[in-house]
Amino acid sequence: MTIIKTGLATTAEEVAVLPSLDRGVGNHTAVLRVVIADDHPLFRQAVRGAIERYPGLALVGEAEDGQQALELIDTLEPDVAVLDHRMPALTGAEVCEVLHGREYRPATALLMLSAFEDADLVWGAVSSGAAGYIGKGASPNDICKAIEEVGRGGIAFTPSASSSITEGFARHFGRSDHLGQKRPRQR
C-alpha cells in the first residue's frame with residue numbers, strides 16, 4: 001500500500017515514491033504527481049478532494065502562496081503544479097517566470113487555475129510558460145482532466161481563456177485591429 005502525506009509541511013522524505021510520467025515513452029498509465037497552490041484553504045480542499053477521487057492523479061503537496069509553491073516544485077518535482085494566479089509572495093505567473101528563467105528546472109507542467117480570465121492575465125501566464133489556464137468555475141472533473149492533459153504534455157484552456165490568448169497575441173503583436181474581421185477572398 002502506498003501512503004502519500006500531503007499538507008504544507010510536505011518534504012521529499014514524506015512523499016511515497018510514485019512513478020513519474022515518462023513523457024518520452026508515451027506511458028499513459030503512470031500516476032501523475034500533483035502539487036496545488038492556492039491561498040484560499042477551502043478552494044485547496046475542494047481541488048484536493050477532486051484529485052484524490054480522480055484515477056491516475058496523486059496529490060503530493062500543497063502550498064498557500066507562490067513562494068511555498070516554488071519550494072515544493074523544487075523539492076518534489078511533481079509532474080503538474082496547479083497554481084492560483086493571485087497569491088501572496090509570488091503570483092502563479094511569477095512562479096512560471098522563475099521556473100522558466102532557470103537553466104535547470106523540474107519538468108513540471110504548469111496549470112493556472114484562477115477566478116480571473118482577462119486577456120492580460122491569461123496572456124501573461126501563457127507567455128511565462130503555463131501549459132493551461134482554467135477558470136475556478138470549472139467542474140472538479142474538468143479541472144482533473146486539465147491536470148491530466150497538461151501532465152501528459154498537452155495544453156488545456158477554457159474557451160474564455162482561449163479567446164483571451166488570441167486577444168493577448170493580437171495586442172502583443174500589434175494586430176488587434178484585425179480581430180474579428182474577415183479578410184477578402186483572394187481570386
# chains A, B, ... in the order shown; residues from 1 in each chain; ligands from 1

call {"tool": "residues_around", "arguments": {"residues": "A:Gly132", "least_positions_apart": "5", "cutoff": "10 Å", "atoms": "only C-alpha atoms", "output": "VMD selection string"}}
result
chain A and resid 82 109 to 113 122 125 to 126 146 to 147 149 to 150 154 to 158 161 to 162

call {"tool": "closest_residue", "arguments": {"among": "A:Ala107, A:Ile51, A:Ala69, A:Leu59", "to": "A:Thr91", "atoms": "only C-alpha atoms"}}
result
A:Ala69

call {"tool": "select_by_dssp", "arguments": {"residues": "stretch 26-123 of chain A", "states": "strand (DSSP E)", "output": "list in words"}}
result
Leu32, Arg33, Val34, Val35, Ile36, Ala37, Leu57, Ala58, Leu59, Val60, Gly61, Glu62, Ala63, Val80, Ala81, Val82, Leu83, Ala109, Leu110, Leu111, Met112, Leu113 and Ser114 of chain A

call {"tool": "select_by_dssp", "arguments": {"residues": "stretch 58-122 of chain A", "states": "alpha helix (DSSP H)", "output": "MDAnalysis selection string"}}
result
chainID A and resid 66:76 92:100 119:122

call {"tool": "write_last_selection", "arguments": {"atoms": "N, CA and C atoms", "output": "compact mmCIF listing (two decimals), in the first residue's frame"}}
result
# COMPACT_ATOMS: atom_id res chain seq x y z
N GLY A 66 2.85 31.60 -3.44
CA GLY A 66 3.73 31.30 -4.56
C GLY A 66 5.13 30.86 -4.16
N GLN A 67 5.66 31.42 -3.08
CA GLN A 67 7.00 31.03 -2.63
C GLN A 67 7.01 29.58 -2.16
N GLN A 68 5.98 29.19 -1.40
CA GLN A 68 5.86 27.79 -0.98
C GLN A 68 5.71 26.88 -2.18
N ALA A 69 4.93 27.32 -3.18
CA ALA A 69 4.75 26.52 -4.39
C ALA A 69 6.08 26.27 -5.07
N LEU A 70 6.87 27.31 -5.21
CA LEU A 70 8.19 27.19 -5.84
C LEU A 70 9.08 26.21 -5.07
N GLU A 71 9.06 26.30 -3.75
CA GLU A 71 9.86 25.39 -2.92
C GLU A 71 9.39 23.94 -3.07
N LEU A 72 8.08 23.72 -3.10
CA LEU A 72 7.56 22.35 -3.28
C LEU A 72 7.89 21.81 -4.67
N ILE A 73 7.79 22.64 -5.69
CA ILE A 73 8.13 22.20 -7.04
C ILE A 73 9.60 21.81 -7.11
N ASP A 74 10.46 22.62 -6.50
CA ASP A 74 11.89 22.32 -6.48
C ASP A 74 12.19 21.03 -5.71
N THR A 75 11.52 20.84 -4.59
CA THR A 75 11.78 19.69 -3.72
C THR A 75 11.17 18.40 -4.25
N LEU A 76 9.89 18.47 -4.65
CA LEU A 76 9.15 17.27 -5.01
C LEU A 76 9.18 16.93 -6.49
N GLY A 92 1.02 33.18 -9.48
CA GLY A 92 1.24 31.97 -10.29
C GLY A 92 2.10 32.25 -11.50
N ALA A 93 1.87 33.39 -12.18
CA ALA A 93 2.68 33.74 -13.35
C ALA A 93 4.13 33.99 -12.96
N GLU A 94 4.37 34.57 -11.78
CA GLU A 94 5.74 34.79 -11.32
C GLU A 94 6.44 33.46 -11.03
N VAL A 95 5.70 32.50 -10.50
CA VAL A 95 6.28 31.16 -10.29
C VAL A 95 6.69 30.58 -11.65
N CYS A 96 5.82 30.71 -12.65
CA CYS A 96 6.14 30.24 -14.01
C CYS A 96 7.41 30.93 -14.53
N GLU A 97 7.49 32.24 -14.37
CA GLU A 97 8.65 33.00 -14.84
C GLU A 97 9.94 32.55 -14.17
N VAL A 98 9.89 32.36 -12.86
CA VAL A 98 11.08 31.91 -12.13
C VAL A 98 11.54 30.56 -12.65
N LEU A 99 10.59 29.62 -12.78
CA LEU A 99 10.95 28.27 -13.23
C LEU A 99 11.49 28.29 -14.66
N HIS A 100 10.85 29.03 -15.54
CA HIS A 100 11.29 29.05 -16.94
C HIS A 100 12.53 29.90 -17.18
N ALA A 119 -7.72 38.98 -20.51
CA ALA A 119 -6.70 38.74 -21.54
C ALA A 119 -5.28 38.97 -21.03
N ASP A 120 -5.05 40.03 -20.28
CA ASP A 120 -3.69 40.32 -19.82
C ASP A 120 -3.17 39.23 -18.88
N LEU A 121 -4.02 38.75 -17.97
CA LEU A 121 -3.58 37.71 -17.04
C LEU A 121 -3.31 36.39 -17.76
N VAL A 122 -4.22 36.01 -18.64
CA VAL A 122 -4.05 34.74 -19.36
C VAL A 122 -2.81 34.83 -20.25

call {"tool": "atom_distance", "arguments": {"atom1": "atom CA of A:Ala138", "atom2": "atom CA of A:His40"}}
result
16.4 Å

call {"tool": "closest_residue", "arguments": {"among": "A:Ala37, A:Arg86, A:Glu117, A:Ser128", "to": "A:Gly101", "atoms": "only C-alpha atoms"}}
result
A:Ser128

call {"tool": "closest_residue", "arguments": {"among": "A:Leu57, A:Leu90, A:Ile36, A:Phe43", "to": "A:Lys136", "atoms": "only C-alpha atoms"}}
result
A:Phe43

call {"tool": "atom_distance", "arguments": {"atom1": "atom CA of A:Val35", "atom2": "atom CA of A:Asp118"}}
result
24.4 Å

call {"tool": "closest_residue", "arguments": {"among": "A:Leu83, A:Val34, A:Thr108, A:Gly49", "to": "A:Gly61", "atoms": "only C-alpha atoms"}}
result
A:Val34

call {"tool": "residues_around", "arguments": {"residues": "A:Asp39", "least_positions_apart": "5", "cutoff": "6 Å", "atoms": "only C-alpha atoms", "output": "number ranges by chain"}}
result
A: 64-65, 87

call {"tool": "write_last_selection", "arguments": {"atoms": "N, CA and C atoms", "output": "PDB file, in the first residue's frame"}}
result
ATOM      1  N   GLU A  64       0.256  27.493   0.176  1.00  0.00           N
ATOM      2  CA  GLU A  64      -0.712  28.573   0.328  1.00  0.00           C
ATOM      3  C   GLU A  64      -0.227  29.881  -0.276  1.00  0.00           C
ATOM      4  N   ASP A  65       0.988  29.887  -0.837  1.00  0.00           N
ATOM      5  CA  ASP A  65       1.467  31.067  -1.547  1.00  0.00           C
ATOM      6  C   ASP A  65       2.471  30.651  -2.612  1.00  0.00           C
ATOM      7  N   MET A  87      -1.760  35.087  -5.691  1.00  0.00           N
ATOM      8  CA  MET A  87      -1.388  34.546  -4.385  1.00  0.00           C
ATOM      9  C   MET A  87      -0.379  35.477  -3.743  1.00  0.00           C
TER      10      MET A  87
END

call {"tool": "closest_residue", "arguments": {"among": "A:Pro41, A:Leu32, A:Ala131, A:Trp123", "to": "A:Tyr54", "atoms": "only C-alpha atoms"}}
result
A:Leu32

call {"tool": "atom_distance", "arguments": {"atom1": "atom CA of A:Gly153", "atom2": "atom CA of A:Ala58"}}
result
17.1 Å
